[in-house]
Amino acid sequence: MKTNQAAARDAAKVTPVVIVGAGPVGVTAAILLARRGVRSVLLERHRDVYPLPRAVAMDDEVRRILQAAGVHEEFASLARPANGLRLLDPRHRVMAEFRRDDPHGHHGFPQTTLFDQPDLERLLRDALARHPECELRGGVEVLAVEHAAEDDPGREAPGGPPGRVRVTVRDAAGGEPERLWAEAVLGCDGAGGLTRSAIGAVWEDLRFEETWTVVDVRTRLPVRTWEGVDQVCDPARPGTFMRIGEDRYRWEFRVGEASVGLRELVAPWVDVPDGGDGFEVLRQARYTFRACVADRWRRGRVFLLGDAAHLTPPFVGQGLCSGLRDAHNLAWKLARVLTRGADERLLDTYESERKPHARHMIRLAITTGWAMTGGQDRAAAVRRTALAAACRIPALTTYLSARGLSPALPRGPLVHYRRLAGRRLAGSPVPQPWVVTRRGRVRLDEVLGDSFAVLSAVPPGPAVRDTARVLGAPVVRIDGGVLENGDTGVADDGTLAAWLRSARTDAVLLRPDRVVLTALPAGAAGFPGTCEWLPLLSAGGREPPDPGARRPVRP
């Protein structure tokens, strides 16, 4: 048994962040932290990537998160852009077509992308290995996650920062338990992990539960596809179909009549010969799709991300996307608290921003599921009739196709806006066009860097420059005027200027996750609400240099 002195020495060896679960969400979080100079240890019970496909779709906003992690170019070689979504009636006639085939959408990437999750996970792990700040420990079982007790040597002095977190682990093959100490723990251990129960969180049931069969296939047979996603809105036999690779396809069917074979189920898309020659089933498994949100996402310095915090039916392809949004939202805030002494209240904004957003996406998936399955109540027929009528309105389908699925973040400490005559920008991501600098043509985020940034259509005044200086934010100018004070000038196709004009705004302050924190009304001297949000972000009003951050491209 260790002495108190030995325990104290162990407690002094603190890892800034321990991440429980090394799936795509956990690994992405580790990479984003590493790019800001934060060390982490990832604990994973499996020794290798899980080999079977699960998630297969992401939108352009999440492609942008992969850009923030530095893997977007490699991912492009694995990805397959899709045309969007079609809703089919029971006879497979098109009820509506939501085209999302712009190869350069709002975020600078194809609006819909299909992929194979094991390929993405291997790509992320290869990127993780390039960051010495990250340590991946596979074949490890996590036994407990708990805040240090008052009399524990890992506990901070009263009145100081929150106590450290103790993580008890053991090699999956057996052996003695080991204690790890962390300043923060990220629970990325999925719906069945222990982190959620460790913080006392329980599921809030959003009342959707169905059992479906998921079938992944490899075939060279001719398959009838429009290179997008098909959703069959048939109460008797709802289904989903998509092509995810050169010879890879996925079908999902709600479990129903036991007598219906796979060959009959896929017949609308492919003619499978007797014996199934040339039609290789890689996996056929049953899943129960649920809709749930954890009632709390944080206790002290322990956070829930991904499936540990929320579960969604797969009908709009947002399960993994929501988890990666969690990582993107939390990583920069946690890094700012750990490395720059930002206010602890900054971490409260993780749940207050992400939980309503995740709930919205789950509700959207449930609505789509009801449209497909006929719903689960007596109003199903009425809803199907209304849906069919709405889908015949071209303006509506065009609007929904262009708008995308993701809503703006709610008003809060880091989403500051006032009611103006123009469009609201705060809480929404800045568009990412290709821009031209003195060094050539790049995507906008390469100019903005990893930290805050000011994007301005006018020469910034002293108050704006003071805010930029405190936050260490580069000033990126799109007005084509004379540059000063190290400003960066960029030129695009007019997208950025039109976006600012739509809100009658001269400039915006962008967060590290590329969301607009606040906008500068035309003619105003400085950003509104500075006294409300700046104290959360800065250490004593000063911003020390950040050696770990990715530097923006300079002209």
# chains A, B, ... in the order shown; residues from 1 in each chain; ligands from 1
call {"tool": "residues_around", "arguments": {"residues": "A:Val56", "least_positions_apart": "6", "cutoff": "8 Å", "atoms": "only C-alpha atoms", "output": "NGL selection string"}}
result
:A and (114-117 or 244 or 317)
call {"tool": "write_last_selection", "arguments": {"atoms": "N, CA and C atoms", "output": "PDB file, in the first residue's frame"}}
result
ATOM      1  N   LEU A 114     -20.011  11.352 -48.016  1.00  0.00           N
ATOM      2  CA  LEU A 114     -20.145   9.988 -47.515  1.00  0.00           C
ATOM      3  C   LEU A 114     -18.756   9.380 -47.389  1.00  0.00           C
ATOM      4  N   PHE A 115     -18.574   8.508 -46.392  1.00  0.00           N
ATOM      5  CA  PHE A 115     -17.251   7.961 -46.098  1.00  0.00           C
ATOM      6  C   PHE A 115     -17.414   6.681 -45.297  1.00  0.00           C
ATOM      7  N   ASP A 116     -16.295   6.001 -45.069  1.00  0.00           N
ATOM      8  CA  ASP A 116     -16.270   4.779 -44.282  1.00  0.00           C
ATOM      9  C   ASP A 116     -15.603   5.107 -42.945  1.00  0.00           C
ATOM     10  N   GLN A 117     -16.307   4.910 -41.835  1.00  0.00           N
ATOM     11  CA  GLN A 117     -15.780   5.356 -40.547  1.00  0.00           C
ATOM     12  C   GLN A 117     -14.422   4.751 -40.191  1.00  0.00           C
ATOM     13  N   ILE A 244     -21.502   4.603 -50.460  1.00  0.00           N
ATOM     14  CA  ILE A 244     -20.471   5.222 -49.633  1.00  0.00           C
ATOM     15  C   ILE A 244     -19.065   5.005 -50.158  1.00  0.00           C
ATOM     16  N   GLY A 317     -28.160  11.885 -40.655  1.00  0.00           N
ATOM     17  CA  GLY A 317     -26.714  11.703 -40.689  1.00  0.00           C
ATOM     18  C   GLY A 317     -25.940  12.615 -39.763  1.00  0.00           C
TER      19      GLY A 317
END
call {"tool": "closest_atom_pairs", "arguments": {"of": "stretch 39-96 of chain A", "to": "stretch 122-130 of chain A", "cutoff": "10 Å", "atoms": "only C-alpha atoms", "output": "Markdown table"}}
result
| residue | atom | partner | partner_atom | distance |
| --- | --- | --- | --- | --- |
| A:Asp48 | CA | A:Arg122 | CA | 9.0 |
| A:Val49 | CA | A:Arg122 | CA | 6.8 |
| A:Tyr50 | CA | A:Arg122 | CA | 9.7 |
| A:Pro51 | CA | A:Arg122 | CA | 9.9 |
| A:Leu66 | CA | A:Leu124 | CA | 9.1 |
| A:Ala69 | CA | A:Ala127 | CA | 8.5 |
| A:Gly70 | CA | A:Ala127 | CA | 7.9 |
| A:Val71 | CA | A:Ala127 | CA | 7.1 |
| A:His72 | CA | A:Leu123 | CA | 9.9 |
| A:Glu74 | CA | A:Leu123 | CA | 7.5 |
| A:Phe75 | CA | A:Leu123 | CA | 7.4 |
| A:Leu78 | CA | A:Leu123 | CA | 9.4 |
call {"tool": "residues_around", "arguments": {"residues": "stretch 21-38 of chain A", "least_positions_apart": "2", "cutoff": "8 Å", "atoms": "only C-alpha atoms", "output": "count of residues only"}}
result
44
call {"tool": "select_by_dssp", "arguments": {"residues": "stretch 291-470 of chain A", "states": "strand (DSSP E)", "output": "PyMOL selection string"}}
result
chain A and resi 291-294+298-299+302-304+310-311+434-437+440-443+453-456
call {"tool": "write_last_selection", "arguments": {"atoms": "N, CA, C and O atoms", "output": "PDB file, in the first residue's frame"}}
result
ATOM      1  N   ALA A 291     -33.513   8.264 -29.124  1.00  0.00           N
ATOM      2  CA  ALA A 291     -33.314   9.707 -29.064  1.00  0.00           C
ATOM      3  C   ALA A 291     -33.249  10.101 -27.592  1.00  0.00           C
ATOM      4  O   ALA A 291     -34.252  10.025 -26.882  1.00  0.00           O
ATOM      5  N   CYS A 292     -32.050  10.504 -27.145  1.00  0.00           N
ATOM      6  CA  CYS A 292     -31.842  10.846 -25.737  1.00  0.00           C
ATOM      7  C   CYS A 292     -30.820  11.974 -25.629  1.00  0.00           C
ATOM      8  O   CYS A 292     -29.930  12.117 -26.476  1.00  0.00           O
ATOM      9  N   VAL A 293     -30.942  12.739 -24.559  1.00  0.00           N
ATOM     10  CA  VAL A 293     -29.958  13.758 -24.213  1.00  0.00           C
ATOM     11  C   VAL A 293     -29.657  13.627 -22.731  1.00  0.00           C
ATOM     12  O   VAL A 293     -30.582  13.493 -21.915  1.00  0.00           O
ATOM     13  N   ALA A 294     -28.385  13.665 -22.355  1.00  0.00           N
ATOM     14  CA  ALA A 294     -28.035  13.624 -20.943  1.00  0.00           C
ATOM     15  C   ALA A 294     -28.523  14.894 -20.254  1.00  0.00           C
ATOM     16  O   ALA A 294     -28.443  15.986 -20.824  1.00  0.00           O
ATOM     17  N   ARG A 298     -21.703  18.158 -17.623  1.00  0.00           N
ATOM     18  CA  ARG A 298     -20.478  18.530 -16.935  1.00  0.00           C
ATOM     19  C   ARG A 298     -20.674  18.441 -15.431  1.00  0.00           C
ATOM     20  O   ARG A 298     -21.736  18.769 -14.916  1.00  0.00           O
ATOM     21  N   ARG A 299     -19.633  17.999 -14.754  1.00  0.00           N
ATOM     22  CA  ARG A 299     -19.538  18.152 -13.299  1.00  0.00           C
ATOM     23  C   ARG A 299     -18.091  18.506 -13.004  1.00  0.00           C
ATOM     24  O   ARG A 299     -17.181  17.703 -13.251  1.00  0.00           O
ATOM     25  N   VAL A 302     -15.107  17.419 -15.394  1.00  0.00           N
ATOM     26  CA  VAL A 302     -15.430  16.220 -16.173  1.00  0.00           C
ATOM     27  C   VAL A 302     -16.552  16.579 -17.138  1.00  0.00           C
ATOM     28  O   VAL A 302     -17.592  17.098 -16.733  1.00  0.00           O
ATOM     29  N   PHE A 303     -16.341  16.288 -18.428  1.00  0.00           N
ATOM     30  CA  PHE A 303     -17.273  16.688 -19.479  1.00  0.00           C
ATOM     31  C   PHE A 303     -17.707  15.460 -20.281  1.00  0.00           C
ATOM     32  O   PHE A 303     -16.935  14.513 -20.456  1.00  0.00           O
ATOM     33  N   LEU A 304     -18.924  15.513 -20.803  1.00  0.00           N
ATOM     34  CA  LEU A 304     -19.421  14.474 -21.707  1.00  0.00           C
ATOM     35  C   LEU A 304     -19.417  14.994 -23.132  1.00  0.00           C
ATOM     36  O   LEU A 304     -19.815  16.127 -23.393  1.00  0.00           O
ATOM     37  N   HIS A 310     -25.389  12.455 -25.953  1.00  0.00           N
ATOM     38  CA  HIS A 310     -26.611  12.511 -26.758  1.00  0.00           C
ATOM     39  C   HIS A 310     -26.660  11.339 -27.731  1.00  0.00           C
ATOM     40  O   HIS A 310     -25.637  10.888 -28.243  1.00  0.00           O
ATOM     41  N   LEU A 311     -27.857  10.847 -27.970  1.00  0.00           N
ATOM     42  CA  LEU A 311     -28.094   9.782 -28.941  1.00  0.00           C
ATOM     43  C   LEU A 311     -29.165  10.244 -29.908  1.00  0.00           C
ATOM     44  O   LEU A 311     -30.182  10.813 -29.500  1.00  0.00           O
ATOM     45  N   TRP A 434     -12.566  30.648 -50.828  1.00  0.00           N
ATOM     46  CA  TRP A 434     -11.151  30.748 -51.155  1.00  0.00           C
ATOM     47  C   TRP A 434     -10.805  32.237 -51.220  1.00  0.00           C
ATOM     48  O   TRP A 434     -11.579  33.045 -51.744  1.00  0.00           O
ATOM     49  N   VAL A 435      -9.667  32.586 -50.650  1.00  0.00           N
ATOM     50  CA  VAL A 435      -9.228  33.980 -50.665  1.00  0.00           C
ATOM     51  C   VAL A 435      -7.812  34.050 -51.218  1.00  0.00           C
ATOM     52  O   VAL A 435      -7.066  33.067 -51.199  1.00  0.00           O
ATOM     53  N   VAL A 436      -7.475  35.243 -51.704  1.00  0.00           N
ATOM     54  CA  VAL A 436      -6.142  35.468 -52.262  1.00  0.00           C
ATOM     55  C   VAL A 436      -5.391  36.427 -51.352  1.00  0.00           C
ATOM     56  O   VAL A 436      -5.892  37.505 -51.006  1.00  0.00           O
ATOM     57  N   THR A 437      -4.207  36.018 -50.923  1.00  0.00           N
ATOM     58  CA  THR A 437      -3.301  36.875 -50.170  1.00  0.00           C
ATOM     59  C   THR A 437      -2.038  37.056 -51.007  1.00  0.00           C
ATOM     60  O   THR A 437      -1.936  36.538 -52.131  1.00  0.00           O
ATOM     61  N   GLY A 440      -0.659  33.776 -52.085  1.00  0.00           N
ATOM     62  CA  GLY A 440      -1.386  32.894 -52.983  1.00  0.00           C
ATOM     63  C   GLY A 440      -2.811  32.653 -52.538  1.00  0.00           C
ATOM     64  O   GLY A 440      -3.346  33.343 -51.667  1.00  0.00           O
ATOM     65  N   ARG A 441      -3.430  31.638 -53.120  1.00  0.00           N
ATOM     66  CA  ARG A 441      -4.838  31.324 -52.903  1.00  0.00           C
ATOM     67  C   ARG A 441      -4.969  30.246 -51.837  1.00  0.00           C
ATOM     68  O   ARG A 441      -4.398  29.151 -51.959  1.00  0.00           O
ATOM     69  N   VAL A 442      -5.724  30.549 -50.777  1.00  0.00           N
ATOM     70  CA  VAL A 442      -5.909  29.616 -49.660  1.00  0.00           C
ATOM     71  C   VAL A 442      -7.348  29.711 -49.180  1.00  0.00           C
ATOM     72  O   VAL A 442      -8.081  30.642 -49.527  1.00  0.00           O
ATOM     73  N   ARG A 443      -7.756  28.744 -48.365  1.00  0.00           N
ATOM     74  CA  ARG A 443      -9.049  28.842 -47.697  1.00  0.00           C
ATOM     75  C   ARG A 443      -8.954  29.874 -46.572  1.00  0.00           C
ATOM     76  O   ARG A 443      -7.908  30.044 -45.943  1.00  0.00           O
ATOM     77  N   ALA A 453     -10.131  36.100 -34.250  1.00  0.00           N
ATOM     78  CA  ALA A 453      -9.753  36.914 -35.404  1.00  0.00           C
ATOM     79  C   ALA A 453     -10.817  37.984 -35.605  1.00  0.00           C
ATOM     80  O   ALA A 453     -11.995  37.783 -35.273  1.00  0.00           O
ATOM     81  N   VAL A 454     -10.393  39.113 -36.136  1.00  0.00           N
ATOM     82  CA  VAL A 454     -11.306  40.176 -36.532  1.00  0.00           C
ATOM     83  C   VAL A 454     -11.353  40.208 -38.050  1.00  0.00           C
ATOM     84  O   VAL A 454     -10.301  40.287 -38.701  1.00  0.00           O
ATOM     85  N   LEU A 455     -12.550  40.097 -38.611  1.00  0.00           N
ATOM     86  CA  LEU A 455     -12.742  40.207 -40.052  1.00  0.00           C
ATOM     87  C   LEU A 455     -13.443  41.532 -40.313  1.00  0.00           C
ATOM     88  O   LEU A 455     -14.545  41.766 -39.802  1.00  0.00           O
ATOM     89  N   SER A 456     -12.810  42.416 -41.093  1.00  0.00           N
ATOM     90  CA  SER A 456     -13.309  43.784 -41.203  1.00  0.00           C
ATOM     91  C   SER A 456     -13.384  44.241 -42.648  1.00  0.00           C
ATOM     92  O   SER A 456     -12.497  43.950 -43.457  1.00  0.00           O
TER      93      SER A 456
END
call {"tool": "select_by_dssp", "arguments": {"residues": "stretch 141-220 of chain A", "states": "helix (DSSP H, G or I)", "output": "count of residues only"}}
result
4
call {"tool": "residues_around", "arguments": {"residues": "stretch 268-271 of chain A", "least_positions_apart": "2", "cutoff": "6 Å", "atoms": "only C-alpha atoms", "output": "CSV table (one decimal) with all heavy atoms, in the first residue's frame"}}
result
chain,number,residue,atom,x,y,z
A,223,VAL,N,-25.9,-0.9,-59.8
A,223,VAL,CA,-26.8,-0.4,-58.7
A,223,VAL,C,-27.5,0.9,-59.2
A,223,VAL,O,-26.8,1.8,-59.7
A,223,VAL,CB,-26.1,-0.2,-57.4
A,223,VAL,CG1,-27.0,0.3,-56.3
A,223,VAL,CG2,-25.4,-1.5,-56.9
A,224,ARG,N,-28.8,1.0,-59.0
A,224,ARG,CA,-29.5,2.2,-59.5
A,224,ARG,C,-29.4,3.2,-58.4
A,224,ARG,O,-30.1,3.1,-57.3
A,224,ARG,CB,-31.0,1.8,-59.8
A,224,ARG,CG,-31.1,0.8,-61.0
A,224,ARG,CD,-32.6,0.4,-61.2
A,224,ARG,NE,-33.0,-0.6,-60.2
A,224,ARG,CZ,-32.8,-1.9,-60.4
A,224,ARG,NH1,-32.1,-2.4,-61.4
A,224,ARG,NH2,-33.2,-2.8,-59.5
A,266,VAL,N,-33.6,-5.2,-51.2
A,266,VAL,CA,-32.7,-4.3,-52.0
A,266,VAL,C,-33.1,-4.3,-53.5
A,266,VAL,O,-32.5,-3.6,-54.3
A,266,VAL,CB,-31.3,-4.7,-51.9
A,266,VAL,CG1,-30.8,-4.7,-50.4
A,266,VAL,CG2,-31.0,-6.1,-52.5
call {"tool": "atom_distance", "arguments": {"atom1": "atom CA of A:Glu353", "atom2": "atom CA of A:Pro410"}}
result
6.4 Å
call {"tool": "closest_residue", "arguments": {"among": "A:Val430, A:Leu346, A:Val415, A:Met95", "to": "A:Gly529", "atoms": "only C-alpha atoms"}}
result
A:Val415
